Amino acid sequence: MLKTHNLKMLSKSFLPLVKRSSGFTLVEMIVVLVLLGIISAVALPHFFNVDGYRTRAAYDEVAGAVRYAQKLAVASGCDVQVQIFNHGYALQQHQNSCSGGSFVNISDHPVTNNTFSTVTLSPTTSFIFDSMGRSSSALTINVGSKSFAVIAETGYVDAQ
């Protein structure tokens with residue numbers, strides 16, 4: 001009987017330890033709340049200020065479309081005209097054949113035109129890639145605060 005009594009006493013002495021370790025202390029909760037406050041103060045402005053992301057997305061899209069126009073001109077052997085306007089771009093080819101007719105928007109390719117409501121492109125211009133991939137003029141295209149260059153002799157699109 002003495003052994004059973006000792007076991008009961010021993011189990012009762014460990015019971016408070018189990019209860020105390022089942023939750024968080026006030027200090028732990030305050031540290032977690034302070035860390036969450038610091039992280040939210042740093043991260044939240046990035047989620048709500050999307051203008052930089054829109055500008056970068058428009059820049060990547062326009063640079064990719066101009067590169068695509070140059071590659072399409074080489075692959076098809078036909079001139080491809082790139083039109084840049086205030087809030088967008090369009091890729092165009094001759095209406096009737098490779099060398100005749102007016103230029104019309106290309107409609108059966110994945111990246112041929114788009115408009116951006118919050119991003120401005122400049123200068124408002126158009127240029128042509130020939131079947132060798134050369135550009136009709138050298139120019140720098142500004143997309144918001146970013147810019148890239150088109151080299152006339154090679155048609156290279158120098159975008160970062």
# chains A, B, ... in the order shown; residues from 1 in each chain; ligands from 1
$ residues_around --residues "Gln81 (chain A)" --least-positions-apart "4" --cutoff "10 Å" --atoms "only C-alpha atoms" --output "ChimeraX atom specification"
/A:66,69-70,73,90-94,103-106,126-130,135-136
$ select_by_dssp --residues "chain A" --states "alpha helix (DSSP H)" --output "number ranges by chain"
A: 2-20, 26-48, 51-76
$ closest_residue --among "A:Gly155, A:Gly52, A:Pro123, A:Gly100" --to "Ile84 (chain A)" --atoms "only C-alpha atoms"
A:Pro123
$ closest_residue --among "A:Arg54, A:His46, A:Arg134, A:Arg67" --to "Thr154 (chain A)" --atoms "only C-alpha atoms"
A:Arg134
$ closest_residue --among "A:Gly88, A:Val32, A:Ala152, A:Thr25" --to "Glu61 (chain A)" --atoms "only C-alpha atoms"
A:Gly88
$ residues_around --residues "Ser122 (chain A)" --least-positions-apart "4" --cutoff "8 Å" --atoms "only C-alpha atoms" --output "JSON, numbers by chain"
{"A": [84, 85, 86, 141, 142, 143]}
$ write_last_selection --atoms "N, CA and C atoms" --output "PDB file, in the first residue's frame"
ATOM      1  N   ILE A  84       4.034  52.309 -81.655  1.00  0.00           N
ATOM      2  CA  ILE A  84       4.019  52.669 -80.236  1.00  0.00           C
ATOM      3  C   ILE A  84       3.121  53.888 -80.100  1.00  0.00           C
ATOM      4  N   PHE A  85       2.137  53.823 -79.221  1.00  0.00           N
ATOM      5  CA  PHE A  85       1.308  54.988 -78.948  1.00  0.00           C
ATOM      6  C   PHE A  85       1.282  55.236 -77.447  1.00  0.00           C
ATOM      7  N   ASN A  86       0.611  56.280 -77.015  1.00  0.00           N
ATOM      8  CA  ASN A  86       0.707  56.748 -75.621  1.00  0.00           C
ATOM      9  C   ASN A  86       0.540  55.658 -74.569  1.00  0.00           C
ATOM     10  N   ILE A 141      12.800  53.423 -76.548  1.00  0.00           N
ATOM     11  CA  ILE A 141      11.386  53.414 -76.174  1.00  0.00           C
ATOM     12  C   ILE A 141      11.289  53.504 -74.660  1.00  0.00           C
ATOM     13  N   ASN A 142      10.530  54.476 -74.192  1.00  0.00           N
ATOM     14  CA  ASN A 142      10.326  54.682 -72.758  1.00  0.00           C
ATOM     15  C   ASN A 142       8.990  54.072 -72.355  1.00  0.00           C
ATOM     16  N   VAL A 143       9.031  53.227 -71.348  1.00  0.00           N
ATOM     17  CA  VAL A 143       7.823  52.620 -70.787  1.00  0.00           C
ATOM     18  C   VAL A 143       7.774  53.048 -69.329  1.00  0.00           C
TER      19      VAL A 143
END
$ select_by_dssp --residues "chain A" --states "strand (DSSP E or B)" --output "ChimeraX atom specification"
/A:80-85,88-94,103-105,113-115,121-122,125-129,135,139-143,146-150,157-158
$ write_last_selection --atoms "C-alpha atoms" --output "JSON list (two decimals), in the first residue's frame"
[["chain", "number", "residue", "atom", "x", "y", "z"],
["A", 80, "VAL", "CA", 6.63, 43.69, -89.38],
["A", 81, "GLN", "CA", 5.73, 47.18, -88.24],
["A", 82, "VAL", "CA", 5.74, 48.11, -84.56],
["A", 83, "GLN", "CA", 3.49, 51.00, -83.60],
["A", 84, "ILE", "CA", 4.02, 52.67, -80.24],
["A", 85, "PHE", "CA", 1.31, 54.99, -78.95],
["A", 88, "GLY", "CA", 0.03, 50.77, -75.80],
["A", 89, "TYR", "CA", 1.52, 49.12, -78.84],
["A", 90, "ALA", "CA", 0.51, 47.13, -81.91],
["A", 91, "LEU", "CA", 2.34, 44.77, -84.25],
["A", 92, "GLN", "CA", 1.31, 44.95, -87.90],
["A", 93, "GLN", "CA", 2.04, 43.25, -91.23],
["A", 94, "HIS", "CA", 1.08, 44.06, -94.82],
["A", 103, "PHE", "CA", -0.20, 47.59, -92.62],
["A", 104, "VAL", "CA", -2.93, 46.00, -90.45],
["A", 105, "ASN", "CA", -2.82, 44.61, -86.93],
["A", 113, "ASN", "CA", -1.18, 44.46, -79.18],
["A", 114, "ASN", "CA", -2.16, 45.77, -75.79],
["A", 115, "THR", "CA", -3.07, 48.96, -73.98],
["A", 121, "LEU", "CA", 4.87, 54.85, -73.59],
["A", 122, "SER", "CA", 6.96, 57.31, -75.58],
["A", 125, "THR", "CA", 6.24, 56.33, -83.31],
["A", 126, "SER", "CA", 6.33, 53.38, -85.65],
["A", 127, "PHE", "CA", 9.25, 51.44, -87.11],
["A", 128, "ILE", "CA", 9.64, 48.38, -89.31],
["A", 129, "PHE", "CA", 11.67, 45.21, -88.97],
["A", 135, "SER", "CA", 15.03, 48.01, -87.76],
["A", 139, "LEU", "CA", 15.35, 54.49, -81.13],
["A", 140, "THR", "CA", 14.85, 54.37, -77.41],
["A", 141, "ILE", "CA", 11.39, 53.41, -76.17],
["A", 142, "ASN", "CA", 10.33, 54.68, -72.76],
["A", 143, "VAL", "CA", 7.82, 52.62, -70.79],
["A", 146, "LYS", "CA", 12.13, 52.52, -67.74],
["A", 147, "SER", "CA", 13.54, 52.44, -71.27],
["A", 148, "PHE", "CA", 15.07, 50.09, -73.80],
["A", 149, "ALA", "CA", 16.86, 50.63, -77.09],
["A", 150, "VAL", "CA", 16.36, 49.14, -80.56],
["A", 157, "VAL", "CA", 16.42, 44.98, -78.51],
["A", 158, "ASP", "CA", 18.61, 46.07, -75.60]]
$ atom_distance --atom1 "CA of Val111 (chain A)" --atom2 "CA of Tyr68 (chain A)"
7.7 Å
$ closest_residue --among "A:Leu72, A:Ala65, A:Arg56, A:Ala138" --to "Thr118 (chain A)" --atoms "only C-alpha atoms"
A:Arg56
$ decode --residues "region 54-133 of chain A" --atoms "C-alpha atoms" --output "PDB file, in the first residue's frame"
ATOM      1  CA  ARG A  54       2.489  47.563 -63.351  1.00  0.00           C
ATOM      2  CA  THR A  55       5.293  49.603 -64.902  1.00  0.00           C
ATOM      3  CA  ARG A  56       7.676  46.640 -64.804  1.00  0.00           C
ATOM      4  CA  ALA A  57       5.037  44.304 -66.272  1.00  0.00           C
ATOM      5  CA  ALA A  58       4.292  46.749 -69.105  1.00  0.00           C
ATOM      6  CA  TYR A  59       8.031  47.193 -69.738  1.00  0.00           C
ATOM      7  CA  ASP A  60       8.585  43.436 -69.953  1.00  0.00           C
ATOM      8  CA  GLU A  61       5.569  42.993 -72.224  1.00  0.00           C
ATOM      9  CA  VAL A  62       6.522  45.777 -74.655  1.00  0.00           C
ATOM     10  CA  ALA A  63      10.165  44.688 -74.822  1.00  0.00           C
ATOM     11  CA  GLY A  64       9.046  41.093 -75.412  1.00  0.00           C
ATOM     12  CA  ALA A  65       6.588  42.164 -78.109  1.00  0.00           C
ATOM     13  CA  VAL A  66       9.276  44.163 -79.933  1.00  0.00           C
ATOM     14  CA  ARG A  67      11.629  41.168 -79.745  1.00  0.00           C
ATOM     15  CA  TYR A  68       8.797  38.974 -81.031  1.00  0.00           C
ATOM     16  CA  ALA A  69       8.197  41.373 -83.937  1.00  0.00           C
ATOM     17  CA  GLN A  70      11.855  41.157 -84.941  1.00  0.00           C
ATOM     18  CA  LYS A  71      11.826  37.348 -84.783  1.00  0.00           C
ATOM     19  CA  LEU A  72       8.522  37.192 -86.692  1.00  0.00           C
ATOM     20  CA  ALA A  73       9.967  39.343 -89.473  1.00  0.00           C
ATOM     21  CA  VAL A  74      12.932  37.004 -89.835  1.00  0.00           C
ATOM     22  CA  ALA A  75      10.845  33.822 -89.604  1.00  0.00           C
ATOM     23  CA  SER A  76       8.139  34.926 -92.034  1.00  0.00           C
ATOM     24  CA  GLY A  77      10.371  36.865 -94.422  1.00  0.00           C
ATOM     25  CA  CYS A  78       7.833  39.721 -94.300  1.00  0.00           C
ATOM     26  CA  ASP A  79       8.117  43.201 -92.837  1.00  0.00           C
ATOM     27  CA  VAL A  80       6.635  43.694 -89.383  1.00  0.00           C
ATOM     28  CA  GLN A  81       5.731  47.179 -88.239  1.00  0.00           C
ATOM     29  CA  VAL A  82       5.736  48.110 -84.555  1.00  0.00           C
ATOM     30  CA  GLN A  83       3.492  51.003 -83.599  1.00  0.00           C
ATOM     31  CA  ILE A  84       4.019  52.669 -80.236  1.00  0.00           C
ATOM     32  CA  PHE A  85       1.308  54.988 -78.948  1.00  0.00           C
ATOM     33  CA  ASN A  86       0.707  56.748 -75.621  1.00  0.00           C
ATOM     34  CA  HIS A  87      -0.730  53.825 -73.684  1.00  0.00           C
ATOM     35  CA  GLY A  88       0.026  50.775 -75.799  1.00  0.00           C
ATOM     36  CA  TYR A  89       1.524  49.120 -78.838  1.00  0.00           C
ATOM     37  CA  ALA A  90       0.507  47.125 -81.907  1.00  0.00           C
ATOM     38  CA  LEU A  91       2.342  44.766 -84.252  1.00  0.00           C
ATOM     39  CA  GLN A  92       1.308  44.946 -87.899  1.00  0.00           C
ATOM     40  CA  GLN A  93       2.039  43.254 -91.232  1.00  0.00           C
ATOM     41  CA  HIS A  94       1.081  44.062 -94.817  1.00  0.00           C
ATOM     42  CA  GLN A  95      -2.558  43.342 -95.548  1.00  0.00           C
ATOM     43  CA  ASN A  96      -2.227  41.511 -98.878  1.00  0.00           C
ATOM     44  CA  SER A  97       1.248  40.047 -99.149  1.00  0.00           C
ATOM     45  CA  CYS A  98       4.728  40.531 -97.786  1.00  0.00           C
ATOM     46  CA  SER A  99       5.386  43.656 -99.786  1.00  0.00           C
ATOM     47  CA  GLY A 100       2.032  45.157-100.724  1.00  0.00           C
ATOM     48  CA  GLY A 101      -0.926  46.813 -99.128  1.00  0.00           C
ATOM     49  CA  SER A 102      -1.253  48.845 -96.024  1.00  0.00           C
ATOM     50  CA  PHE A 103      -0.197  47.588 -92.620  1.00  0.00           C
ATOM     51  CA  VAL A 104      -2.929  45.999 -90.455  1.00  0.00           C
ATOM     52  CA  ASN A 105      -2.823  44.608 -86.929  1.00  0.00           C
ATOM     53  CA  ILE A 106      -1.708  41.010 -86.625  1.00  0.00           C
ATOM     54  CA  SER A 107      -4.540  39.061 -85.046  1.00  0.00           C
ATOM     55  CA  ASP A 108      -3.489  35.418 -85.046  1.00  0.00           C
ATOM     56  CA  HIS A 109      -0.381  35.637 -82.846  1.00  0.00           C
ATOM     57  CA  PRO A 110      -0.188  35.587 -79.040  1.00  0.00           C
ATOM     58  CA  VAL A 111       1.515  38.956 -78.448  1.00  0.00           C
ATOM     59  CA  THR A 112       0.405  41.516 -81.000  1.00  0.00           C
ATOM     60  CA  ASN A 113      -1.181  44.461 -79.181  1.00  0.00           C
ATOM     61  CA  ASN A 114      -2.160  45.768 -75.786  1.00  0.00           C
ATOM     62  CA  THR A 115      -3.067  48.959 -73.978  1.00  0.00           C
ATOM     63  CA  PHE A 116      -2.064  50.038 -70.485  1.00  0.00           C
ATOM     64  CA  SER A 117      -4.302  52.367 -68.513  1.00  0.00           C
ATOM     65  CA  THR A 118      -1.685  53.612 -66.043  1.00  0.00           C
ATOM     66  CA  VAL A 119       1.588  53.369 -67.975  1.00  0.00           C
ATOM     67  CA  THR A 120       2.688  55.829 -70.649  1.00  0.00           C
ATOM     68  CA  LEU A 121       4.871  54.855 -73.593  1.00  0.00           C
ATOM     69  CA  SER A 122       6.961  57.310 -75.576  1.00  0.00           C
ATOM     70  CA  PRO A 123       7.839  58.387 -78.192  1.00  0.00           C
ATOM     71  CA  THR A 124       4.686  57.879 -80.229  1.00  0.00           C
ATOM     72  CA  THR A 125       6.237  56.331 -83.313  1.00  0.00           C
ATOM     73  CA  SER A 126       6.333  53.383 -85.653  1.00  0.00           C
ATOM     74  CA  PHE A 127       9.253  51.443 -87.114  1.00  0.00           C
ATOM     75  CA  ILE A 128       9.637  48.384 -89.308  1.00  0.00           C
ATOM     76  CA  PHE A 129      11.674  45.208 -88.971  1.00  0.00           C
ATOM     77  CA  ASP A 130      12.677  43.836 -92.373  1.00  0.00           C
ATOM     78  CA  SER A 131      13.155  40.180 -93.325  1.00  0.00           C
ATOM     79  CA  MET A 132      16.767  40.345 -92.109  1.00  0.00           C
ATOM     80  CA  GLY A 133      15.608  41.511 -88.660  1.00  0.00           C
TER      81      GLY A 133
END
